[in-house]
file input06.cif (mmCIF, C-alpha atoms)
data_entry
loop_
_atom_site.label_atom_id
_atom_site.label_comp_id
_atom_site.auth_asym_id
_atom_site.auth_seq_id
_atom_site.Cartn_x
_atom_site.Cartn_y
_atom_site.Cartn_z
CA MET Z 21 103.11 123.48 157.59
CA GLU Z 22 100.56 121.31 155.86
CA PHE Z 23 100.04 117.62 156.38
CA HIS Z 24 99.12 115.06 153.74
CA ARG Z 25 97.78 111.54 153.82
CA ASP Z 26 100.32 108.96 152.77
CA SER Z 27 98.36 105.77 152.25
CA ARG Z 28 101.38 103.93 150.83
CA SER Z 29 103.55 104.49 153.90
CA GLY Z 30 101.69 101.78 155.82
CA LEU Z 31 102.05 103.94 158.94
CA ALA Z 32 99.20 104.55 161.35
CA PRO Z 33 97.66 108.00 160.75
CA TYR Z 34 99.12 109.48 163.96
CA LEU Z 35 102.61 108.25 163.02
CA GLN Z 36 102.26 109.83 159.58
CA ILE Z 37 101.75 113.20 161.29
CA VAL Z 38 104.74 112.60 163.58
CA GLU Z 39 106.95 111.62 160.63
CA GLN Z 40 105.88 114.63 158.56
CA VAL Z 41 106.75 117.01 161.40
CA LYS Z 42 110.14 115.32 161.81
CA GLU Z 43 110.84 115.51 158.09
CA ALA Z 44 109.94 119.21 158.03
CA SER Z 45 112.28 119.72 160.98
CA ARG Z 46 115.15 117.82 159.32
CA LEU Z 47 114.73 119.93 156.20
CA GLY Z 48 114.66 123.13 158.21
CA LEU Z 49 111.12 123.92 157.03
CA ILE Z 50 110.04 124.38 160.64
CA THR Z 51 112.27 125.80 163.35
CA PRO Z 52 111.85 126.42 167.10
CA GLY Z 53 109.17 129.01 167.77
CA ASP Z 54 107.01 127.97 164.81
CA GLN Z 55 103.44 127.04 165.62
CA LEU Z 56 102.14 123.70 164.38
CA PRO Z 57 98.66 123.72 162.81
CA THR Z 58 95.85 123.60 165.38
CA VAL Z 59 94.02 120.33 165.90
CA ARG Z 60 90.99 121.80 164.09
CA GLU Z 61 93.15 122.76 161.10
CA VAL Z 62 94.66 119.28 160.79
CA VAL Z 63 91.24 117.69 161.19
CA THR Z 64 89.86 119.70 158.27
CA GLN Z 65 92.99 119.18 156.14
CA LEU Z 66 93.04 115.42 156.50
CA ALA Z 67 89.55 114.42 157.69
CA VAL Z 68 91.22 112.60 160.57
CA ASN Z 69 90.03 111.99 164.09
CA PRO Z 70 91.03 114.82 166.47
CA ASN Z 71 92.32 112.22 168.93
CA THR Z 72 94.77 111.11 166.22
CA VAL Z 73 96.21 114.63 166.00
CA LEU Z 74 96.36 114.98 169.79
CA LYS Z 75 98.15 111.65 170.02
CA ALA Z 76 100.70 112.71 167.38
CA TYR Z 77 101.34 116.03 169.13
CA ARG Z 78 101.71 114.29 172.50
CA MET Z 79 104.30 112.00 170.96
CA LEU Z 80 106.21 114.99 169.54
CA GLU Z 81 106.10 116.61 172.99
CA TYR Z 82 107.37 113.42 174.58
CA GLU Z 83 110.27 113.37 172.13
CA GLY Z 84 111.09 116.98 172.95
CA LEU Z 85 110.36 118.33 169.48
CA ALA Z 86 107.19 120.25 170.33
CA GLU Z 87 105.51 121.86 173.31
CA GLY Z 88 101.84 122.44 174.01
CA ARG Z 89 101.01 125.85 175.44
CA PRO Z 90 97.58 125.95 177.07
CA GLY Z 91 95.19 128.20 175.18
CA GLN Z 92 97.71 128.97 172.44
CA GLY Z 93 98.53 125.79 170.58
CA THR Z 94 101.49 123.52 169.95
CA PHE Z 95 104.89 125.02 169.16
CA VAL Z 96 108.13 123.65 167.78
CA VAL Z 97 110.82 123.75 170.48
CA GLY Z 98 113.47 121.34 169.21
CA THR Z 99 115.34 120.55 166.03
CA LEU Z 100 116.41 117.26 164.54
CA GLY Z 101 120.06 116.96 163.61
CA GLY Z 102 120.85 120.16 165.51
CA LEU Z 103 121.71 122.05 162.31
CA PRO Z 104 121.73 125.83 162.14
CA PRO Z 105 118.70 126.96 160.09
CA GLU Z 106 120.86 128.23 157.20
CA THR Z 107 122.55 124.86 156.58
CA VAL Z 108 119.87 122.93 154.71
CA PRO Z 109 119.08 125.69 152.17
CA ARG Z 110 122.85 126.13 151.50
CA ILE Z 111 123.38 122.40 150.85
CA ARG Z 112 120.23 122.35 148.75
CA ARG Z 113 121.51 125.19 146.54
CA LYS Z 114 124.63 123.17 145.80
CA LEU Z 115 122.50 120.17 144.92
CA LEU Z 116 120.60 121.95 142.17
CA PRO Z 117 123.42 122.21 139.56
CA TRP Z 118 124.31 118.56 140.22
CA LEU Z 119 120.71 117.50 139.66
CA ARG Z 120 120.63 119.48 136.41
CA GLU Z 121 123.79 117.75 135.25
CA ALA Z 122 122.35 114.32 136.12
CA LYS Z 123 119.13 115.07 134.23
CA ASP Z 124 121.08 116.40 131.20
CA ALA Z 125 123.07 113.17 131.23
CA GLY Z 126 119.81 111.24 130.90
CA LEU Z 127 119.17 109.99 134.45
CA ASP Z 128 115.51 109.91 135.48
CA ASP Z 129 114.26 110.58 139.03
CA GLU Z 130 114.36 106.93 140.03
CA SER Z 131 117.90 106.46 138.74
CA ILE Z 132 119.01 109.56 140.67
CA LEU Z 133 117.43 108.26 143.88
CA ALA Z 134 118.98 104.83 143.34
CA LEU Z 135 122.38 106.46 142.79
CA VAL Z 136 122.09 108.56 145.97
CA ASN Z 137 120.93 105.58 148.02
CA SER Z 138 123.66 103.25 146.78
CA THR Z 139 126.32 105.92 147.39
CA LEU Z 140 125.03 106.44 150.93
CA ARG Z 141 125.19 102.69 151.54
CA GLU Z 142 128.75 102.45 150.18
CA GLN Z 143 129.85 105.32 152.39
CA ALA Z 144 128.26 103.70 155.43
CA GLN Z 145 130.07 100.44 154.65
CA ALA Z 146 133.36 102.26 154.11
CA ARG Z 147 133.00 103.86 157.55
CA VAL Z 148 132.38 100.49 159.17
CA ALA Z 149 135.33 98.79 157.40
CA MET X 20 82.22 112.72 180.30
CA ILE X 21 85.79 111.49 179.83
CA GLY X 22 86.41 108.18 181.51
CA LEU X 23 82.75 107.15 181.52
CA ASN X 24 81.15 104.76 179.11
CA VAL X 25 78.63 106.24 176.74
CA LEU X 26 77.17 102.83 175.94
CA GLU X 27 77.18 99.54 177.79
CA ALA X 28 75.65 96.26 176.69
CA ARG X 29 75.50 93.01 178.64
CA GLY X 30 74.42 89.76 177.02
CA LEU X 31 72.50 91.87 174.51
CA GLY X 32 70.56 89.96 171.86
CA LYS X 33 67.90 90.56 169.25
CA ARG X 34 65.97 87.71 167.72
CA TYR X 35 63.65 87.70 164.71
CA GLY X 36 61.67 84.45 164.81
CA ASP X 37 64.30 81.82 165.49
CA GLN X 38 67.12 83.85 163.89
CA TRP X 39 69.44 85.86 166.11
CA ALA X 40 70.40 89.16 164.43
CA LEU X 41 72.63 89.93 167.40
CA ARG X 42 73.61 87.50 170.13
CA ASP X 43 75.29 87.69 173.51
CA CYS X 44 76.83 91.10 172.85
CA THR X 45 78.79 92.53 175.75
CA LEU X 46 80.39 95.89 175.09
CA ALA X 47 81.51 99.11 176.72
CA LEU X 48 82.09 102.16 174.54
CA PRO X 49 84.25 104.80 176.23
CA ALA X 50 82.99 108.39 175.89
CA GLY X 51 84.73 110.90 173.64
CA ARG X 52 85.75 108.28 171.09
CA VAL X 53 84.88 107.74 167.45
CA VAL X 54 83.97 104.08 167.21
CA GLY X 55 84.11 102.25 163.90
CA LEU X 56 81.65 99.35 163.68
CA VAL X 57 82.71 96.92 160.96
CA GLY X 58 81.74 93.46 159.83
CA PRO X 59 80.27 91.61 156.87
CA ASN X 60 76.72 92.20 155.68
CA GLY X 61 74.18 90.57 157.98
CA ALA X 62 76.57 90.55 160.94
CA GLY X 63 74.18 92.62 163.05
CA LYS X 64 75.63 96.13 162.72
CA THR X 65 72.34 97.88 161.95
CA THR X 66 70.58 95.88 164.67
CA LEU X 67 73.16 96.97 167.26
CA LEU X 68 72.86 100.63 166.21
CA GLN X 69 69.06 100.53 166.28
CA LEU X 70 69.15 98.99 169.77
CA ALA X 71 71.54 101.80 170.81
CA VAL X 72 69.09 104.52 169.75
CA GLY X 73 66.03 102.79 171.21
CA MET X 74 64.39 101.96 167.88
CA LEU X 75 64.44 98.26 168.76
CA ALA X 76 63.77 96.49 172.05
CA PRO X 77 66.25 93.76 173.06
CA SER X 78 65.12 90.11 173.05
CA ALA X 79 67.80 89.26 175.61
CA GLY X 80 70.23 91.06 177.88
CA GLU X 81 70.34 94.80 178.37
CA ILE X 82 71.70 97.97 176.83
CA ALA X 83 72.30 101.30 178.52
CA VAL X 84 73.19 104.67 176.98
CA PHE X 85 74.39 107.27 179.51
CA GLY X 86 73.58 104.60 182.08
CA ARG X 87 69.90 104.40 181.13
CA ASP X 88 67.62 102.45 178.83
CA PRO X 89 67.66 104.32 175.49
CA ARG X 90 63.90 103.78 175.13
CA GLU X 91 63.34 106.16 178.06
CA THR X 92 62.51 108.84 175.56
CA ASN X 93 62.37 111.84 177.86
CA SER X 94 65.83 111.71 179.31
CA VAL X 95 68.01 109.81 176.83
CA LEU X 96 66.84 110.41 173.25
CA PRO X 97 67.40 114.20 173.25
CA ARG X 98 71.08 113.44 173.93
CA ILE X 99 71.42 111.02 170.98
CA GLY X 100 71.70 111.94 167.30
CA PHE X 101 70.99 109.27 164.71
CA VAL X 102 71.37 109.11 160.94
CA ALA X 103 69.95 105.93 159.43
CA GLN X 104 71.37 104.23 156.36
CA ASP X 105 71.16 106.28 153.11
CA SER X 106 70.36 109.51 155.02
CA PRO X 107 66.56 109.29 154.80
CA LEU X 108 64.98 112.74 154.30
CA TYR X 109 61.69 114.01 152.86
CA ARG X 110 62.63 114.60 149.22
CA ASN X 111 59.79 117.04 148.55
CA PHE X 112 60.72 119.27 151.50
CA SER X 113 63.03 122.21 150.96
CA VAL X 114 66.22 122.27 153.02
CA ALA X 115 64.72 125.10 155.14
CA ASP X 116 61.53 123.05 155.75
CA THR X 117 63.68 120.08 156.77
CA LEU X 118 65.41 122.21 159.39
CA MET X 119 62.09 123.62 160.59
CA LEU X 120 60.78 120.06 160.98
CA GLY X 121 63.87 119.28 163.06
CA ARG X 122 63.13 122.27 165.29
CA ARG X 123 59.47 121.30 165.76
CA LEU X 124 60.23 117.65 166.52
CA ASN X 125 63.09 118.08 168.99
CA VAL X 126 63.30 119.56 172.46
CA HIS X 127 66.66 121.13 171.69
CA PHE X 128 67.41 122.07 168.10
CA ASP X 129 69.80 124.83 167.04
CA GLU X 130 68.26 125.77 163.69
CA ALA X 131 70.45 128.85 163.19
CA TRP X 132 73.57 126.78 163.74
CA ALA X 133 72.40 124.20 161.17
CA GLN X 134 71.62 126.97 158.64
CA GLU X 135 75.06 128.48 159.11
CA ARG X 136 76.68 125.08 158.76
CA LEU X 137 74.85 124.31 155.50
CA GLY X 138 75.55 127.86 154.26
CA LYS X 139 79.27 127.27 154.66
CA LEU X 140 78.87 124.13 152.54
CA ARG X 141 77.01 126.23 149.92
CA ILE X 142 73.86 124.13 150.19
CA PRO X 143 70.91 126.35 149.13
CA LEU X 144 68.20 126.39 151.81
CA GLU X 145 65.35 127.02 149.36
CA ARG X 146 66.05 123.99 147.15
CA LYS X 147 64.09 120.76 147.45
CA VAL X 148 66.06 118.00 149.15
CA GLY X 149 65.30 115.59 146.27
CA GLU X 150 67.05 117.91 143.80
CA LEU X 151 70.35 117.86 145.65
CA SER X 152 73.28 115.47 145.24
CA GLY X 153 73.78 112.45 147.46
CA GLY X 154 76.71 114.17 149.15
CA GLN X 155 74.62 117.26 149.90
CA ARG X 156 71.77 115.14 151.27
CA ALA X 157 74.21 113.33 153.55
CA GLN X 158 75.48 116.71 154.79
CA ILE X 159 71.89 117.84 155.50
CA ALA X 160 71.15 114.65 157.45
CA LEU X 161 74.36 115.18 159.44
CA ALA X 162 73.51 118.84 160.11
CA VAL X 163 70.01 117.90 161.33
CA ALA X 164 71.45 115.23 163.64
CA LEU X 165 74.14 117.62 164.95
CA ALA X 166 71.71 120.51 165.44
CA LYS X 167 70.29 118.60 168.42
CA ARG X 168 73.80 119.14 169.82
CA PRO X 169 73.85 115.47 170.82
CA GLU X 170 76.44 114.00 173.16
CA PHE X 171 76.31 110.70 171.29
CA LEU X 172 76.00 110.47 167.51
CA VAL X 173 75.08 107.20 165.78
CA LEU X 174 75.63 106.87 162.02
CA ASP X 175 74.63 103.78 160.03
CA GLU X 176 76.76 103.47 156.85
CA PRO X 177 76.92 107.26 156.45
CA VAL X 178 79.28 107.32 153.46
CA ALA X 179 78.52 104.04 151.67
CA SER X 180 76.67 105.63 148.75
CA LEU X 181 78.91 108.71 148.36
CA ASP X 182 81.64 109.36 145.79
CA PRO X 183 85.19 109.80 147.14
CA LEU X 184 85.06 113.61 147.23
CA ALA X 185 81.66 113.73 148.97
CA ARG X 186 82.90 111.06 151.39
CA ARG X 187 85.95 113.11 152.27
CA GLU X 188 83.82 116.24 152.73
CA PHE X 189 81.34 114.36 154.93
CA LEU X 190 84.06 112.90 157.13
CA THR X 191 85.77 116.30 157.37
CA ALA X 192 82.48 117.83 158.57
CA LEU X 193 82.03 114.98 161.04
CA MET X 194 85.59 115.17 162.40
CA ASP X 195 85.26 118.94 162.69
CA ALA X 196 82.14 118.47 164.82
CA VAL X 197 84.01 115.95 166.97
CA ALA X 198 86.85 118.44 167.44
CA GLU X 199 84.40 121.24 168.27
CA ASP X 200 82.08 119.45 170.68
CA GLY X 201 84.04 116.38 171.78
CA LEU X 202 80.98 114.23 171.18
CA SER X 203 81.05 110.44 171.15
CA VAL X 204 80.40 108.81 167.78
CA VAL X 205 79.74 105.31 166.55
CA LEU X 206 79.62 104.75 162.81
CA SER X 207 79.29 101.58 160.77
CA SER X 208 81.23 101.31 157.52
CA HIS X 209 82.69 98.89 155.02
CA LEU X 210 85.32 101.41 153.96
CA LEU X 211 88.25 100.45 156.12
CA ALA X 212 90.51 103.28 154.95
CA ASP X 213 87.89 105.75 156.19
CA VAL X 214 87.56 103.87 159.46
CA GLU X 215 91.34 103.89 159.90
CA HIS X 216 91.46 107.68 159.58
CA SER X 217 88.23 108.68 161.29
CA CYS X 218 87.93 106.21 164.12
CA ASP X 219 90.03 105.56 167.21
CA TYR X 220 88.10 102.56 168.51
CA LEU X 221 87.01 99.44 166.67
CA ILE X 222 84.25 96.87 167.00
CA LEU X 223 84.20 93.90 164.62
CA LEU X 224 80.88 92.06 164.48
CA MET X 225 80.88 88.58 162.96
CA ALA X 226 77.84 86.33 162.65
CA ALA X 227 75.84 88.28 165.26
CA GLU X 228 78.68 88.32 167.82
CA VAL X 229 81.46 90.76 168.78
CA ARG X 230 84.67 89.24 167.46
CA LEU X 231 87.16 92.00 168.27
CA ASP X 232 86.95 95.34 170.03
CA GLY X 233 89.33 97.87 171.48
CA ASP X 234 91.44 100.96 170.86
CA LEU X 235 92.40 100.95 167.18
CA ASP X 236 96.10 101.71 167.66
CA ASP X 237 96.34 99.19 170.51
CA LEU X 238 94.78 96.51 168.33
CA LEU X 239 97.18 97.24 165.46
CA ALA X 240 100.15 97.28 167.84
CA ALA X 241 99.14 93.90 169.28
CA HIS X 242 99.13 92.07 165.93
CA ARG X 243 101.93 91.13 163.55
CA LEU X 244 102.25 89.39 160.23
CA LEU X 245 104.89 86.65 160.26
CA VAL X 246 106.39 85.34 157.04
CA GLY X 247 108.86 82.48 156.98
CA PRO X 248 109.66 78.97 155.83
CA ARG X 249 106.71 76.60 155.99
CA LYS X 250 106.14 75.53 159.55
CA ARG X 251 103.56 75.12 162.25
CA ALA X 252 103.38 77.69 165.02
CA GLY X 253 101.36 77.83 168.20
CA ALA X 254 101.22 80.06 171.23
CA GLY X 255 104.52 80.95 172.94
CA GLY X 256 107.62 82.91 172.06
CA GLY X 257 105.72 86.15 171.75
CA ILE X 258 102.70 84.63 169.98
CA ALA X 259 99.53 84.83 172.06
CA ALA X 260 97.30 83.36 169.37
CA VAL X 261 97.39 82.59 165.67
CA VAL X 262 94.49 84.47 164.09
CA ARG X 263 94.96 83.27 160.55
CA GLU X 264 97.50 81.22 158.70
CA SER X 265 98.14 80.21 155.14
CA HIS X 266 100.75 77.82 153.86
CA SER X 267 102.22 77.33 150.43
CA ASP X 268 104.69 74.55 149.59
CA ARG X 269 107.59 76.40 151.09
CA GLN X 270 106.26 79.42 152.90
CA SER X 271 103.98 80.08 155.82
CA THR X 272 102.22 83.38 156.48
CA LEU X 273 100.65 83.94 159.87
CA LEU X 274 98.72 86.79 161.33
CA VAL X 275 99.20 86.56 165.08
CA ARG X 276 98.20 88.36 168.23
CA THR X 277 101.40 89.00 170.16
CA ASP X 278 102.21 89.18 173.86
CA GLY X 279 105.86 90.12 173.49
CA PRO X 280 108.66 90.26 170.91
CA ILE X 281 108.59 87.37 168.43
CA ALA X 282 111.36 85.04 169.64
CA ASP X 283 111.77 82.73 166.64
CA PRO X 284 114.29 84.38 164.25
CA ALA X 285 112.96 82.32 161.32
CA TRP X 286 110.00 84.68 161.04
CA SER X 287 110.27 87.99 159.29
CA VAL X 288 107.97 90.24 161.32
CA HIS X 289 105.77 92.90 159.70
CA GLU X 290 103.31 95.43 161.08
CA VAL X 291 99.70 95.03 159.98
CA ASP X 292 97.28 97.64 158.71
CA LEU X 293 93.61 97.73 159.58
CA GLU X 294 92.52 95.97 156.41
CA GLU X 295 94.84 93.00 156.98
CA LEU X 296 93.71 92.80 160.59
CA ILE X 297 89.98 92.85 159.80
CA LEU X 298 90.29 90.43 156.89
CA ALA X 299 92.27 88.02 159.07
CA TYR X 300 89.57 87.98 161.73
CA MET X 301 86.79 87.84 159.14
CA GLY X 302 88.40 84.96 157.25
CA GLU X 303 89.39 83.06 160.35
CA GLN X 304 86.36 80.81 160.63
CA HIS X 305 86.42 79.74 156.99
CA GLU X 306 90.08 78.75 156.86
CA PRO X 307 91.04 75.13 157.33
CA ARG X 308 92.31 74.61 160.85
CA LEU X 309 95.92 73.70 161.44
CA GLN X 310 95.03 70.13 162.39
CA SER X 311 93.76 69.49 158.87
CA LEU X 312 97.24 70.10 157.43
CA PRO X 313 99.04 66.88 158.41
CA ARG X 314 102.05 67.54 156.21
CA LEU X 315 103.23 70.33 158.48
CA GLU X 316 106.14 69.50 160.72
CA ALA X 317 106.05 70.41 164.36
CA ASN X 318 109.02 72.76 164.50
CA GLY X 319 110.13 73.65 161.02
#
call {"tool": "encode", "arguments": {"input": "input06.cif", "output": "structure tokens"}}
result
Amino acid sequence: MEFHRDSRSGLAPYLQIVEQVKEASRLGLITPGDQLPTVREVVTQLAVNPNTVLKAYRMLEYEGLAEGRPGQGTFVVGTLGGLPPETVPRIRRKLLPWLREAKDAGLDDESILALVNSTLREQAQARVA
Amino acid sequence: MIGLNVLEARGLGKRYGDQWALRDCTLALPAGRVVGLVGPNGAGKTTLLQLAVGMLAPSAGEIAVFGRDPRETNSVLPRIGFVAQDSPLYRNFSVADTLMLGRRLNVHFDEAWAQERLGKLRIPLERKVGELSGGQRAQIALAVALAKRPEFLVLDEPVASLDPLARREFLTALMDAVAEDGLSVVLSSHLLADVEHSCDYLILLMAAEVRLDGDLDDLLAAHRLLVGPRKRAGAGGGIAAVVRESHSDRQSTLLVRTDGPIADPAWSVHEVDLEELILAYMGEQHEPRLQSLPRLEANG
């Protein structure tokens, strides 16, 4: 996987790395057994301090999502959400025709996101009630 | 190296005539860190760095690098790399001549390593230094400093005059060297976004004195921005100290150092980024003190 700088997130650089690994895990882009980029690779991708990368990886290890293997690197050992790897791509495929329909109907990206978010909120409220 | 201090200063001061450029500076820089030195112009950053590399003699107090006086040239200087402001180089020298000069002037100097490094950056060795871009000159100065294979690298405003791309490339090269050799670095900069990404330790110099220093993440974690209805706030309830405050007719905004969760539910509590933190400490002395705002009520 590749990391990016997200200056608008307001998160400390090491937390940005942690969040990006978690997001990749939630989306099924990385699965147990995958190797995370080496510290050197992240340093050259992002021009960040190596200690920042080490700190992020330690945090992922502490949370049980990754594991450092001496002399080899850091590997993904856990998943978030506990979904089988096939699930996310399957759901995503079903999303595509819906997105096309929304776009054809004239909704822009922001309207689509607002619609998804408000529907999620309504559902959460319905569950509580 | 880990666990030791690469630099220690006690009561360190430098005076020019009756003006103190640096005063009563007490510091310990842990080894293996990348230290960002920030502060307004004239705060004493360059003076501190020049004292650290033995270019200046202290007027008061003492400074030790690797436990020794940095002006002991035989034992300490070969272990320190230094790049002065604006990467000074001989503009009429070719890049190859510049590297040869480095080899002749230093006890240890890995010329082949520097050549390979500059080759990877596609910097032509036969060109005159003065014909190259500012970014390329900065890379040459960094390569010369790193070719000594120093344990401690001191950089004075290394990226100030570079465009964003050259800045990114310079910092990438620097961070790569840190990852490769685990060397200790101190760099001064006004560019707080760069400091936030490159550094893991912070020193804020204000008016010739150290105002704030510590692990960058620890400092950020220990400060919060509080926004709420206009009111006075002092220490207590999670607030260790109010660093800066501003009040409009209805609203108060405080940047505080915390010592626990903020107890008062009237405040909405926000995390701070490095820029907010530095600006709060830099602006602190110029803000009107709380006592000069008599209209504020004691407890909301």
call {"tool": "resolve_selection", "arguments": {"input": "input06.cif", "expression": "the PyMOL selection byres ((chain X and resi 194) around 7)", "output": "short mmCIF file (atom, residue, chain, number, x, y, z; two decimals) with C-alpha atoms, in the frame of the given file"}}
result
data_model
loop_
_atom_site.label_atom_id
_atom_site.label_comp_id
_atom_site.auth_asym_id
_atom_site.auth_seq_id
_atom_site.Cartn_x
_atom_site.Cartn_y
_atom_site.Cartn_z
CA VAL Z 63 91.24 117.69 161.19
CA ALA Z 67 89.55 114.42 157.69
CA VAL Z 68 91.22 112.60 160.57
CA ASN Z 69 90.03 111.99 164.09
CA PRO Z 70 91.03 114.82 166.47
CA LEU X 190 84.06 112.90 157.13
CA THR X 191 85.77 116.30 157.37
CA ALA X 192 82.48 117.83 158.57
CA LEU X 193 82.03 114.98 161.04
CA ASP X 195 85.26 118.94 162.69
CA ALA X 196 82.14 118.47 164.82
CA VAL X 197 84.01 115.95 166.97
CA ALA X 198 86.85 118.44 167.44
#
call {"tool": "resolve_selection", "arguments": {"input": "input06.cif", "expression": "the PyMOL selection byres ((chain X) within 12 of (chain Z))", "output": "JSON, numbers by chain"}}
result
{"X": [51, 52, 53, 54, 55, 184, 185, 186, 187, 188, 189, 190, 191, 192, 193, 194, 195, 196, 197, 198, 199, 200, 201, 202, 203, 204, 212, 213, 214, 215, 216, 217, 218, 219, 220, 234, 235, 236, 237, 238, 239, 240, 289, 290, 291, 292, 293, 294, 295]}
call {"tool": "atom_distance", "arguments": {"input": "input06.cif", "atom1": "atom CA of X:Cys44", "atom2": "atom CA of X:Leu56"}}
result
13.2 Å
call {"tool": "resolve_selection", "arguments": {"input": "input06.cif", "expression": "the PyMOL selection byres ((chain Z and resi 52) around 12)", "output": "list of chain:residue names"}}
result
Z:Ala44, Z:Ser45, Z:Gly48, Z:Leu49, Z:Ile50, Z:Thr51, Z:Gly53, Z:Asp54, Z:Gln55, Z:Leu56, Z:Gly84, Z:Leu85, Z:Ala86, Z:Glu87, Z:Thr94, Z:Phe95, Z:Val96, Z:Val97, Z:Gly98, Z:Thr99, Z:Leu100, Z:Gly102, Z:Leu103, Z:Pro104, Z:Pro105
call {"tool": "axis_aligned_box", "arguments": {"input": "input06.cif", "around": "stretch 290-299 of chain X", "padding_each_side": "4 Å", "output": "AutoDock Vina command-line options"}}
result
--center_x 96.6 --center_y 92.9 --center_z 158.7 --size_x 21.3 --size_y 17.7 --size_z 12.7
call {"tool": "residues_around", "arguments": {"input": "input06.cif", "residues": "X:Ala157", "least_positions_apart": "4", "cutoff": "8 Å", "atoms": "only C-alpha atoms", "output": "ChimeraX atom specification"}}
result
/X:105-106,153,161,177-178,189
